[in-house]
file work_9.tsv (TSV, C-alpha atoms)
chain	number	residue	atom	x	y	z
S	28	MET	CA	143.98	33.57	-28.29
S	29	GLY	CA	140.61	34.49	-26.84
S	30	ILE	CA	137.55	32.96	-25.27
S	31	TYR	CA	135.18	33.67	-28.15
S	32	LEU	CA	137.43	35.09	-30.86
S	33	ASN	CA	140.00	32.55	-32.06
S	34	PRO	CA	139.85	30.21	-29.05
S	35	GLY	CA	142.86	28.25	-30.28
S	36	ASN	CA	143.48	24.51	-30.38
S	37	GLY	CA	143.60	23.54	-26.71
S	38	GLY	CA	140.26	21.73	-26.77
S	39	PHE	CA	141.22	19.58	-29.75
S	40	GLN	CA	144.61	18.90	-28.22
S	41	GLU	CA	142.87	17.37	-25.19
S	42	SER	CA	140.79	15.18	-27.50
S	43	ILE	CA	143.69	13.66	-29.40
S	44	ARG	CA	145.72	13.18	-26.21
S	45	SER	CA	142.91	11.15	-24.64
S	46	LYS	CA	143.34	7.41	-24.22
S	47	ILE	CA	140.69	6.81	-26.86
S	48	TYR	CA	140.53	9.09	-29.87
S	49	VAL	CA	138.72	8.12	-33.07
S	50	ASP	CA	139.82	10.13	-36.10
S	51	LYS	CA	136.89	12.15	-37.45
S	52	THR	CA	138.96	14.83	-39.18
S	53	GLY	CA	137.46	13.83	-42.53
S	54	LEU	CA	134.61	16.13	-41.51
S	55	LEU	CA	136.88	19.07	-42.33
S	56	ALA	CA	136.98	18.14	-46.00
S	57	HIS	CA	133.20	18.63	-46.13
S	58	THR	CA	133.27	21.98	-44.33
S	59	ASN	CA	136.09	23.17	-46.58
S	60	GLU	CA	133.88	22.47	-49.60
S	61	CYS	CA	131.21	24.74	-48.09
S	62	LEU	CA	133.48	27.70	-47.26
S	63	GLY	CA	132.32	30.84	-49.02
S	64	THR	CA	129.53	29.06	-50.93
S	65	GLU	CA	125.74	28.99	-50.77
S	66	GLN	CA	126.13	25.88	-48.62
S	67	LYS	CA	128.15	27.67	-45.91
S	68	PHE	CA	125.30	27.44	-43.35
S	69	ILE	CA	125.36	24.03	-41.66
S	70	CYS	CA	123.25	22.82	-38.74
S	71	VAL	CA	124.11	19.38	-37.39
S	72	SER	CA	121.69	18.02	-34.78
S	73	ARG	CA	122.40	14.87	-32.79
S	74	PRO	CA	121.54	13.45	-29.36
S	75	ARG	CA	123.55	14.55	-26.35
S	76	ARG	CA	126.98	12.98	-25.92
S	77	PHE	CA	127.31	12.18	-29.62
S	78	GLY	CA	130.49	14.21	-30.15
S	79	LYS	CA	128.99	17.56	-31.19
S	80	SER	CA	131.20	19.71	-28.95
S	81	MET	CA	134.29	17.67	-29.81
S	82	ALA	CA	133.68	18.34	-33.51
S	83	LEU	CA	133.47	22.08	-32.82
S	84	LYS	CA	136.78	21.99	-30.95
S	85	MET	CA	138.34	20.31	-33.97
S	86	LEU	CA	136.89	22.95	-36.30
S	87	ALA	CA	138.17	25.72	-34.03
S	88	ALA	CA	141.66	24.22	-33.96
S	89	TYR	CA	141.71	23.89	-37.75
S	90	TYR	CA	140.35	27.28	-38.79
S	91	SER	CA	141.47	29.63	-35.96
S	92	CYS	CA	144.21	32.04	-36.89
S	93	GLY	CA	146.72	33.04	-34.25
S	94	CYS	CA	147.79	29.46	-33.55
S	95	ASP	CA	149.68	26.75	-35.41
S	96	SER	CA	147.75	23.48	-35.44
S	97	ARG	CA	149.69	21.64	-38.12
S	98	LYS	CA	151.36	19.22	-35.71
S	99	LEU	CA	148.03	18.34	-34.09
S	100	PHE	CA	146.73	17.04	-37.42
S	101	GLU	CA	149.86	15.06	-38.32
S	102	GLY	CA	148.95	11.48	-39.19
S	103	LEU	CA	145.21	12.19	-39.22
S	104	LYS	CA	142.97	11.70	-42.25
S	105	ILE	CA	142.58	15.34	-43.18
S	106	GLU	CA	146.35	15.78	-43.58
S	107	ASN	CA	146.14	13.88	-46.87
S	108	ASP	CA	143.44	16.15	-48.27
S	109	PRO	CA	144.79	18.43	-51.04
S	110	GLU	CA	143.12	21.49	-49.46
S	111	PHE	CA	144.39	20.80	-45.94
S	112	SER	CA	147.07	23.50	-45.88
S	113	GLU	CA	145.04	26.07	-47.80
S	114	TYR	CA	142.57	26.68	-44.98
S	115	LEU	CA	144.62	25.67	-41.94
S	116	ASN	CA	144.58	28.51	-39.35
S	117	GLN	CA	143.46	31.04	-41.94
S	118	TYR	CA	140.22	32.41	-40.48
S	119	ASP	CA	139.00	34.44	-37.55
S	120	VAL	CA	136.77	32.07	-35.61
S	121	ILE	CA	133.92	33.18	-33.34
S	122	PHE	CA	133.02	30.34	-30.98
S	123	LEU	CA	129.71	30.66	-29.11
S	124	ASN	CA	128.42	28.22	-26.50
S	125	MET	CA	124.80	29.28	-26.11
S	126	GLN	CA	124.34	27.21	-22.97
S	127	GLN	CA	126.97	29.33	-21.27
S	128	PHE	CA	125.31	32.60	-22.30
S	129	LEU	CA	121.87	31.37	-21.23
S	130	ILE	CA	123.15	30.50	-17.74
S	131	GLU	CA	125.29	33.58	-17.20
S	132	ALA	CA	122.80	36.12	-18.57
S	133	LYS	CA	120.48	35.46	-15.59
S	134	ASN	CA	117.90	38.27	-15.64
S	135	ARG	CA	119.40	40.00	-18.66
S	136	GLU	CA	118.57	39.29	-22.28
S	137	VAL	CA	120.71	36.44	-23.56
S	138	THR	CA	121.64	38.18	-26.80
S	139	GLU	CA	122.46	41.46	-25.07
S	140	TYR	CA	124.86	39.67	-22.74
S	141	LEU	CA	126.36	37.72	-25.67
S	142	GLU	CA	127.01	40.87	-27.70
S	143	GLN	CA	128.68	42.58	-24.75
S	144	GLU	CA	131.01	39.66	-24.07
S	145	VAL	CA	132.01	39.06	-27.69
S	146	LEU	CA	132.38	42.73	-28.58
S	147	GLU	CA	134.90	43.19	-25.76
S	148	GLU	CA	137.19	40.67	-27.45
S	149	ILE	CA	136.50	42.06	-30.91
S	150	GLN	CA	137.54	45.49	-29.64
S	151	GLU	CA	140.91	44.14	-28.45
S	152	THR	CA	141.79	42.92	-31.95
S	153	TYR	CA	139.91	45.24	-34.28
S	154	GLY	CA	139.22	48.24	-32.05
S	155	GLU	CA	140.78	50.71	-34.49
S	156	PHE	CA	138.03	49.98	-37.03
S	157	ILE	CA	135.09	50.36	-34.65
S	158	LYS	CA	136.54	52.88	-32.21
S	159	GLY	CA	133.94	55.16	-30.66
S	160	GLN	CA	131.10	53.27	-32.31
S	161	ASN	CA	128.22	52.22	-30.08
S	162	ILE	CA	127.01	49.45	-32.36
S	163	GLY	CA	125.94	45.83	-32.17
S	164	LEU	CA	127.97	42.77	-33.04
S	165	ALA	CA	126.69	42.40	-36.61
S	166	ALA	CA	127.35	46.06	-37.44
S	167	ALA	CA	130.84	45.84	-35.93
S	168	LEU	CA	131.70	42.78	-38.02
S	169	ARG	CA	130.42	44.48	-41.17
S	170	ARG	CA	132.70	47.45	-40.53
S	171	ILE	CA	135.68	45.17	-39.89
S	172	TYR	CA	135.00	43.29	-43.12
S	173	ALA	CA	134.66	46.54	-45.07
S	174	LYS	CA	138.03	47.78	-43.78
S	175	THR	CA	140.03	44.55	-43.80
S	176	GLY	CA	138.24	42.02	-46.02
S	177	ARG	CA	138.47	39.49	-43.18
S	178	LYS	CA	135.77	36.84	-43.07
S	179	PHE	CA	134.73	34.88	-40.00
S	180	VAL	CA	133.93	31.26	-39.25
S	181	PHE	CA	131.08	30.96	-36.74
S	182	LEU	CA	130.94	27.88	-34.51
S	183	ILE	CA	127.82	27.73	-32.36
S	184	ASP	CA	127.37	24.99	-29.75
S	185	GLU	CA	124.03	24.16	-28.10
S	186	TRP	CA	122.32	26.53	-30.52
S	187	ASP	CA	118.86	25.22	-29.50
S	188	CYS	CA	119.22	25.44	-25.71
S	189	VAL	CA	116.98	28.52	-25.65
S	190	MET	CA	114.25	26.46	-27.34
S	191	ARG	CA	114.73	23.49	-25.05
S	192	GLU	CA	115.13	25.28	-21.73
S	193	ARG	CA	112.81	28.24	-22.28
S	194	GLN	CA	110.03	26.28	-23.96
S	195	LYS	CA	107.19	28.56	-22.87
S	196	SER	CA	108.92	31.86	-23.58
S	197	GLU	CA	107.94	32.43	-27.19
S	198	ALA	CA	109.01	36.08	-27.06
S	199	LEU	CA	112.54	35.10	-26.00
S	200	GLN	CA	112.73	32.43	-28.68
S	201	LYS	CA	111.65	34.80	-31.43
S	202	GLN	CA	114.06	37.50	-30.23
S	203	TYR	CA	116.89	34.96	-30.17
S	204	LEU	CA	116.11	33.67	-33.67
S	205	ASP	CA	115.95	37.23	-35.01
S	206	PHE	CA	119.35	37.90	-33.46
S	207	LEU	CA	120.89	34.86	-35.18
S	208	ARG	CA	119.29	35.77	-38.48
S	209	ASN	CA	120.64	39.32	-38.33
S	210	LEU	CA	124.08	38.08	-37.29
S	211	LEU	CA	124.42	35.49	-40.04
S	212	LYS	CA	121.97	35.75	-42.92
S	213	ASP	CA	123.15	37.66	-46.02
S	214	GLN	CA	126.17	39.02	-44.14
S	215	PRO	CA	129.33	39.45	-46.26
S	216	TYR	CA	131.65	38.62	-43.38
S	217	VAL	CA	130.40	35.02	-42.98
S	218	ALA	CA	132.76	32.41	-44.45
S	219	LEU	CA	131.11	29.48	-42.66
S	220	ALA	CA	128.49	28.98	-39.95
S	221	TYR	CA	128.44	25.57	-38.28
S	222	MET	CA	125.82	25.07	-35.57
S	223	THR	CA	125.17	22.04	-33.41
S	224	GLY	CA	122.27	21.13	-31.17
S	225	ILE	CA	119.81	18.37	-30.43
S	226	LEU	CA	116.93	19.71	-32.52
S	227	PRO	CA	116.81	20.80	-36.17
S	228	VAL	CA	116.00	24.42	-36.93
S	229	LYS	CA	113.57	24.55	-39.79
S	230	LYS	CA	110.06	24.67	-38.38
S	231	TYR	CA	109.82	26.51	-35.08
S	232	GLY	CA	106.20	27.49	-35.42
S	233	VAL	CA	105.81	29.77	-38.43
S	234	HIS	CA	109.08	31.57	-37.74
S	235	SER	CA	111.62	30.71	-40.43
S	236	ALA	CA	114.42	33.03	-39.39
S	237	LEU	CA	117.14	30.45	-40.04
S	238	ASN	CA	115.95	28.98	-43.32
S	239	MET	CA	119.38	29.54	-44.89
S	240	PHE	CA	120.76	26.55	-42.94
S	241	THR	CA	121.07	23.08	-44.42
S	242	GLU	CA	120.01	20.64	-41.74
S	243	TYR	CA	121.63	17.32	-40.95
S	244	SER	CA	119.58	15.52	-38.31
S	245	MET	CA	119.01	12.00	-37.00
S	246	THR	CA	116.39	11.49	-39.71
S	247	ASP	CA	118.86	12.44	-42.46
S	248	GLN	CA	122.58	13.04	-41.75
S	249	ASP	CA	123.46	12.90	-45.46
S	250	VAL	CA	127.22	13.53	-45.97
S	251	PHE	CA	127.79	13.69	-42.20
S	252	GLU	CA	126.66	10.11	-41.52
S	253	GLU	CA	130.19	8.86	-40.88
S	254	TYR	CA	130.71	11.58	-38.26
S	255	THR	CA	127.42	11.07	-36.40
S	256	GLY	CA	128.84	8.38	-34.11
S	257	PHE	CA	131.29	5.50	-34.27
S	258	THR	CA	131.07	3.25	-37.32
S	259	LYS	CA	131.18	-0.54	-37.31
S	260	THR	CA	134.79	-0.56	-38.51
S	261	GLU	CA	135.87	1.90	-35.81
S	262	VAL	CA	134.17	-0.10	-33.04
S	263	GLN	CA	135.66	-3.38	-34.26
S	264	ALA	CA	139.12	-1.80	-34.06
S	265	LEU	CA	138.45	-0.57	-30.52
S	266	CYS	CA	137.18	-3.98	-29.42
S	267	GLU	CA	140.32	-5.62	-30.75
S	268	ARG	CA	142.53	-3.02	-29.08
S	269	PHE	CA	140.86	-3.37	-25.67
S	270	GLU	CA	140.08	-7.10	-25.97
S	271	MET	CA	136.34	-6.54	-25.63
S	272	ASN	CA	133.64	-8.73	-27.19
S	273	TYR	CA	132.39	-7.07	-30.37
S	274	LYS	CA	129.04	-8.88	-30.44
S	275	GLU	CA	128.26	-7.76	-26.91
S	276	THR	CA	129.34	-4.22	-27.73
S	277	SER	CA	126.91	-4.20	-30.64
S	278	ASN	CA	124.14	-5.54	-28.46
S	279	TRP	CA	124.62	-2.69	-25.99
S	280	TYR	CA	125.43	0.33	-28.17
S	281	ASP	CA	124.70	-0.28	-31.87
S	282	GLY	CA	121.38	0.36	-33.60
S	283	TYR	CA	121.35	3.89	-35.01
S	284	MET	CA	120.57	3.04	-38.62
S	285	LEU	CA	121.44	5.66	-41.24
S	286	LYS	CA	121.06	5.40	-45.01
S	287	LYS	CA	124.65	4.50	-45.94
S	288	PHE	CA	126.06	3.54	-42.56
S	289	GLN	CA	123.66	0.94	-41.21
S	290	HIS	CA	125.54	0.57	-37.93
S	291	ILE	CA	126.21	3.73	-35.93
S	292	TYR	CA	127.24	3.37	-32.30
S	293	ASN	CA	126.79	5.72	-29.38
S	294	PRO	CA	130.36	7.13	-29.03
S	295	LYS	CA	130.13	8.15	-25.37
S	296	SER	CA	129.02	4.70	-24.28
S	297	VAL	CA	131.53	2.82	-26.41
S	298	VAL	CA	134.39	4.91	-25.03
S	299	GLU	CA	133.28	4.32	-21.44
S	300	ALA	CA	132.84	0.58	-22.02
S	301	MET	CA	136.34	0.30	-23.49
S	302	ARG	CA	137.92	2.42	-20.76
S	303	ARG	CA	136.24	0.53	-17.93
S	304	ARG	CA	136.24	-2.82	-19.72
S	305	ASP	CA	132.66	-3.31	-18.67
S	306	PHE	CA	129.30	-3.09	-20.44
S	307	SER	CA	126.77	-0.90	-18.73
S	308	ASN	CA	124.34	1.96	-19.23
S	309	TYR	CA	126.65	4.97	-19.64
S	310	TRP	CA	124.87	7.34	-22.01
S	311	THR	CA	121.46	7.41	-20.33
S	312	SER	CA	123.06	7.77	-16.91
S	313	THR	CA	123.80	11.38	-17.88
S	314	GLU	CA	120.06	12.22	-17.79
S	315	THR	CA	117.22	10.98	-15.61
S	316	TYR	CA	114.57	8.64	-17.00
S	317	GLU	CA	112.01	11.30	-16.03
S	318	ALA	CA	112.74	13.09	-19.32
S	319	LEU	CA	111.65	9.99	-21.23
S	320	LYS	CA	108.67	9.31	-18.94
S	321	ILE	CA	107.16	12.74	-19.72
S	322	TYR	CA	106.88	11.92	-23.42
S	323	MET	CA	105.68	8.37	-22.83
S	324	ASP	CA	102.82	9.71	-20.72
S	325	MET	CA	101.56	11.67	-23.74
S	326	ASP	CA	99.42	8.83	-25.00
S	327	PHE	CA	98.59	10.30	-28.42
S	328	ASP	CA	96.78	7.88	-30.73
S	329	GLY	CA	97.98	4.79	-28.88
S	330	LEU	CA	101.57	5.96	-28.41
S	331	ARG	CA	102.05	3.76	-25.35
S	332	ALA	CA	100.97	0.69	-27.29
S	333	ASP	CA	103.55	1.50	-29.97
S	334	ILE	CA	106.23	1.87	-27.32
S	335	VAL	CA	105.31	-1.53	-25.90
S	336	GLN	CA	105.56	-2.96	-29.43
S	337	MET	CA	109.04	-1.46	-29.87
S	338	PHE	CA	110.00	-2.66	-26.41
S	339	GLY	CA	109.38	-6.17	-27.71
S	340	GLY	CA	111.66	-5.57	-30.70
S	341	GLY	CA	109.09	-4.31	-33.16
S	342	HIS	CA	109.25	-1.37	-35.57
S	343	VAL	CA	106.46	1.20	-35.91
S	344	PRO	CA	105.77	3.56	-38.84
S	345	VAL	CA	106.41	7.25	-38.20
S	346	ASN	CA	105.85	10.41	-40.23
S	347	THR	CA	108.71	12.73	-39.27
S	348	ARG	CA	107.57	15.62	-41.47
S	349	SER	CA	104.85	16.91	-39.16
S	350	PHE	CA	107.23	17.58	-36.25
S	351	GLN	CA	107.59	21.30	-35.51
S	352	ASN	CA	111.10	20.90	-34.08
S	353	ASP	CA	110.28	22.01	-30.58
S	354	MET	CA	109.60	20.23	-27.30
S	355	GLN	CA	106.16	21.61	-26.55
S	356	ASN	CA	103.88	21.62	-29.59
S	357	PHE	CA	102.75	18.03	-30.15
S	358	LYS	CA	99.68	17.22	-32.22
S	359	THR	CA	100.10	13.53	-32.98
S	360	LYS	CA	102.08	10.56	-31.76
S	361	ASP	CA	104.35	10.99	-34.80
S	362	ASP	CA	105.54	14.29	-33.31
S	363	VAL	CA	106.50	12.59	-30.04
S	364	LEU	CA	108.16	9.67	-31.81
S	365	THR	CA	110.15	12.08	-33.99
S	366	LEU	CA	111.32	14.01	-30.93
S	367	LEU	CA	112.47	10.74	-29.33
S	368	ILE	CA	114.44	10.01	-32.52
S	369	HIS	CA	116.22	13.37	-32.25
S	370	LEU	CA	116.87	12.81	-28.55
S	371	GLY	CA	118.44	9.41	-29.30
S	372	TYR	CA	115.88	7.29	-27.46
S	373	LEU	CA	114.68	5.84	-30.75
S	374	ALA	CA	116.47	4.95	-33.97
S	375	TYR	CA	115.04	5.66	-37.41
S	376	ASP	CA	115.03	3.50	-40.53
S	377	ALA	CA	114.81	6.15	-43.28
S	378	ARG	CA	114.19	3.56	-46.01
S	379	GLU	CA	111.19	2.01	-44.29
S	380	LYS	CA	110.21	5.20	-42.40
S	381	GLN	CA	110.02	3.29	-39.13
S	382	ALA	CA	111.13	3.93	-35.55
S	383	PHE	CA	112.53	1.35	-33.15
S	384	ILE	CA	114.49	1.05	-29.92
S	385	PRO	CA	118.14	0.73	-30.97
S	386	ASN	CA	119.93	-1.29	-28.29
S	387	ARG	CA	120.03	-2.76	-24.80
S	388	GLU	CA	121.20	0.49	-23.24
S	389	ILE	CA	118.06	2.31	-24.38
S	390	ILE	CA	115.80	-0.68	-23.64
S	391	GLU	CA	116.82	-0.42	-19.98
S	392	GLU	CA	115.84	3.23	-19.96
S	393	PHE	CA	112.43	2.50	-21.45
S	394	GLU	CA	111.94	-0.33	-18.97
S	395	THR	CA	112.56	1.99	-16.02
S	396	ALA	CA	110.28	4.69	-17.40
S	397	MET	CA	107.50	2.16	-18.12
S	398	GLN	CA	107.67	0.70	-14.63
S	399	VAL	CA	107.38	4.12	-13.02
S	400	SER	CA	104.53	5.06	-15.37
S	401	GLY	CA	102.67	1.88	-14.51

call {"tool": "encode", "arguments": {"input": "work_9.tsv", "output": "structure tokens"}}
result
Amino acid sequence: MGIYLNPGNGGFQESIRSKIYVDKTGLLAHTNECLGTEQKFICVSRPRRFGKSMALKMLAAYYSCGCDSRKLFEGLKIENDPEFSEYLNQYDVIFLNMQQFLIEAKNREVTEYLEQEVLEEIQETYGEFIKGQNIGLAAALRRIYAKTGRKFVFLIDEWDCVMRERQKSEALQKQYLDFLRNLLKDQPYVALAYMTGILPVKKYGVHSALNMFTEYSMTDQDVFEEYTGFTKTEVQALCERFEMNYKETSNWYDGYMLKKFQHIYNPKSVVEAMRRRDFSNYWTSTETYEALKIYMDMDFDGLRADIVQMFGGGHVPVNTRSFQNDMQNFKTKDDVLTLLIHLGYLAYDAREKQAFIPNREIIEEFETAMQVSG
């Protein structure tokens, strides 16, 4: 068991041993369908604290070879899937947390540091196939595949942190995107690549390095809707278990409207409310209102007036197609509104193409930001 190569099932074990665990293992049936197909590149973007990292831990526990995770999945939904055993612990998994590499690289190039760290572990397991070779990660994996036929599952957390935290460094962003493209695109050793972040990947300027990914974002989660947050049925069960008022729970944390699942709840906040048996602002307390204030102060085309309208319960039309999927290049108020949808500060009605403030928790955040902005 390694840090990056086959990290094992410890993270998922912590999840299912927690006081509150909601079974989202049905997600694995969808990823199994994509293994080794043209649809093997998946990018799922959601707001922070919406279970992205937890999903990756589950995927690592399921696919990683070198451990036995069968008991961890006993009684969970995926156990009844006919392909459950076929893929269980059958792949080499490479797990990359880009936030970690961005912090630890310091003055070095992020990708150079990443390759050094991961190659050290690759050498321990497959050193005989790349011995004496001074090559990069992609070349090493190609040689391993050529000699062994082994394919890899790539799990990448916080894939977009370089874009979010190095917004003005276009050279770094392009170099990073080129690295990911070379590592993943058209490579025979890729069985599955599952990335998570806050922002989608498609339109970073004119650079389309990662156009092989199918995107599932807050404007269209498609088959992953059920796994975006907690569903109405799941929250009702939790309210009954913890003797909490369901209507009040909905008032505080519901409101993320998807196409099929019209009621998606913020999972972090629901869990905290059930654990503490108290309704409060839990999700937004993990980030200062200043982040929201910055975007509100960009008064494109009457943006502030639209926010006031939503603050009063109204819905406003939004064109999400013009957004360039970054946090710096804004041309219209639609770009800012779309960013706020991806960040989770606004919900999106895909049928009516309208944005709105989803619940009381987010209303409080807007209220604070509006008061400070005058």

call {"tool": "atom_distance", "arguments": {"input": "work_9.tsv", "atom1": "atom CA of S:Arg387", "atom2": "atom CA of S:Phe251"}}
result
25.2 Å

call {"tool": "residues_near_point", "arguments": {"input": "work_9.tsv", "point": "(115.5, 0.0, -22.3)", "cutoff": "12 Å", "atoms": "only C-alpha atoms", "output": "PyMOL selection string"}}
result
chain S and resi 278-280+307-308+310-311+316+319+334-335+337-340+372-373+383-398

call {"tool": "closest_residue", "arguments": {"input": "work_9.tsv", "among": "S:Lys360, S:Lys84, S:Val189, S:Glu242", "to": "S:Ala332", "atoms": "only C-alpha atoms"}}
result
S:Lys360

call {"tool": "closest_residue", "arguments": {"input": "work_9.tsv", "among": "S:Asn36, S:Gln289, S:Gln117, S:Ser45", "to": "S:Ala218", "atoms": "only C-alpha atoms"}}
result
S:Gln117

call {"tool": "closest_residue", "arguments": {"input": "work_9.tsv", "among": "S:Leu219, S:Cys94, S:Cys188, S:Leu364", "to": "S:His57", "atoms": "only C-alpha atoms"}}
result
S:Leu219

call {"tool": "closest_residue", "arguments": {"input": "work_9.tsv", "among": "S:Phe156, S:Ser349, S:Asp184, S:Leu141", "to": "S:Tyr172", "atoms": "all atoms listed in the file"}}
result
S:Phe156

call {"tool": "residues_around", "arguments": {"input": "work_9.tsv", "residues": "S:Val298", "least_positions_apart": "4", "cutoff": "9 Å", "atoms": "only C-alpha atoms", "output": "number ranges by chain"}}
result
S: 47-48, 265, 293-294, 302-303

call {"tool": "write_last_selection", "arguments": {"input": "work_9.tsv", "atoms": "C-alpha atoms", "output": "PDB file, keeping the file's coordinate frame"}}
result
ATOM      1  CA  ILE S  47     140.690   6.810 -26.860  1.00  0.00           C
ATOM      2  CA  TYR S  48     140.530   9.090 -29.870  1.00  0.00           C
ATOM      3  CA  LEU S 265     138.450  -0.570 -30.520  1.00  0.00           C
ATOM      4  CA  ASN S 293     126.790   5.720 -29.380  1.00  0.00           C
ATOM      5  CA  PRO S 294     130.360   7.130 -29.030  1.00  0.00           C
ATOM      6  CA  ARG S 302     137.920   2.420 -20.760  1.00  0.00           C
ATOM      7  CA  ARG S 303     136.240   0.530 -17.930  1.00  0.00           C
TER       8      ARG S 303
END

call {"tool": "atom_distance", "arguments": {"input": "work_9.tsv", "atom1": "atom CA of S:Leu207", "atom2": "atom CA of S:Glu148"}}
result
19.0 Å

call {"tool": "residues_around", "arguments": {"input": "work_9.tsv", "residues": "S:Tyr243", "least_positions_apart": "4", "cutoff": "6 Å", "atoms": "only C-alpha atoms", "output": "MDAnalysis selection string"}}
result
chainID S and resid 71 247:248

call {"tool": "write_last_selection", "arguments": {"input": "work_9.tsv", "atoms": "C-alpha atoms", "output": "mmCIF file, in the coordinates of the input"}}
result
data_model
loop_
_atom_site.group_PDB
_atom_site.id
_atom_site.type_symbol
_atom_site.label_atom_id
_atom_site.label_comp_id
_atom_site.auth_asym_id
_atom_site.auth_seq_id
_atom_site.Cartn_x
_atom_site.Cartn_y
_atom_site.Cartn_z
ATOM 1 C CA VAL S 71 124.110 19.380 -37.390
ATOM 2 C CA ASP S 247 118.860 12.440 -42.460
ATOM 3 C CA GLN S 248 122.580 13.040 -41.750
#

call {"tool": "residues_around", "arguments": {"input": "work_9.tsv", "residues": "S:Tyr90", "least_positions_apart": "5", "cutoff": "6 Å", "atoms": "all atoms listed in the file", "output": "mmCIF file with C-alpha atoms, keeping the file's coordinate frame"}}
result
data_model
loop_
_atom_site.group_PDB
_atom_site.id
_atom_site.type_symbol
_atom_site.label_atom_id
_atom_site.label_comp_id
_atom_site.auth_asym_id
_atom_site.auth_seq_id
_atom_site.Cartn_x
_atom_site.Cartn_y
_atom_site.Cartn_z
ATOM 1 C CA LEU S 115 144.620 25.670 -41.940
ATOM 2 C CA ASN S 116 144.580 28.510 -39.350
ATOM 3 C CA GLN S 117 143.460 31.040 -41.940
ATOM 4 C CA TYR S 118 140.220 32.410 -40.480
#

call {"tool": "residues_around", "arguments": {"input": "work_9.tsv", "residues": "S:Leu285", "least_positions_apart": "2", "cutoff": "10 Å", "atoms": "all atoms listed in the file", "output": "PyMOL selection string"}}
result
chain S and resi 245-249+252-253+255+282-283+287-291+374-378

call {"tool": "write_last_selection", "arguments": {"input": "work_9.tsv", "atoms": "C-alpha atoms", "output": "JSON list (two decimals), in the coordinates of the input"}}
result
[["chain", "number", "residue", "atom", "x", "y", "z"],
["S", 245, "MET", "CA", 119.01, 12.00, -37.00],
["S", 246, "THR", "CA", 116.39, 11.49, -39.71],
["S", 247, "ASP", "CA", 118.86, 12.44, -42.46],
["S", 248, "GLN", "CA", 122.58, 13.04, -41.75],
["S", 249, "ASP", "CA", 123.46, 12.90, -45.46],
["S", 252, "GLU", "CA", 126.66, 10.11, -41.52],
["S", 253, "GLU", "CA", 130.19, 8.86, -40.88],
["S", 255, "THR", "CA", 127.42, 11.07, -36.40],
["S", 282, "GLY", "CA", 121.38, 0.36, -33.60],
["S", 283, "TYR", "CA", 121.35, 3.89, -35.01],
["S", 287, "LYS", "CA", 124.65, 4.50, -45.94],
["S", 288, "PHE", "CA", 126.06, 3.54, -42.56],
["S", 289, "GLN", "CA", 123.66, 0.94, -41.21],
["S", 290, "HIS", "CA", 125.54, 0.57, -37.93],
["S", 291, "ILE", "CA", 126.21, 3.73, -35.93],
["S", 374, "ALA", "CA", 116.47, 4.95, -33.97],
["S", 375, "TYR", "CA", 115.04, 5.66, -37.41],
["S", 376, "ASP", "CA", 115.03, 3.50, -40.53],
["S", 377, "ALA", "CA", 114.81, 6.15, -43.28],
["S", 378, "ARG", "CA", 114.19, 3.56, -46.01]]

call {"tool": "closest_residue", "arguments": {"input": "work_9.tsv", "among": "S:Asp95, S:Asp361, S:Glu192, S:Glu185", "to": "S:Pro74", "atoms": "all atoms listed in the file"}}
result
S:Glu185

call {"tool": "closest_residue", "arguments": {"input": "work_9.tsv", "among": "S:Arg208, S:Ser296, S:Asp305, S:Tyr254", "to": "S:Phe269", "atoms": "only C-alpha atoms"}}
result
S:Asp305

call {"tool": "atom_distance", "arguments": {"input": "work_9.tsv", "atom1": "atom CA of S:Gly93", "atom2": "atom CA of S:Ile171"}}
result
17.3 Å

call {"tool": "residues_around", "arguments": {"input": "work_9.tsv", "residues": "stretch 223-229 of chain S", "least_positions_apart": "3", "cutoff": "7 Å", "atoms": "only C-alpha atoms", "output": "list in words"}}
result
Cys70, Val71, Ser72, Arg73, Pro74, Arg75, Lys79, Ile183, Asp184, Glu185, Trp186, Asp187, Ser235, Leu237, Asn238, Glu242, Ser244, Asn352, His369 and Leu370 of chain S

call {"tool": "residues_near_point", "arguments": {"input": "work_9.tsv", "point": "(137.4, 18.0, -37.6)", "cutoff": "6 Å", "atoms": "only C-alpha atoms", "output": "number ranges by chain"}}
result
S: 51-52, 54-55, 82, 85-86
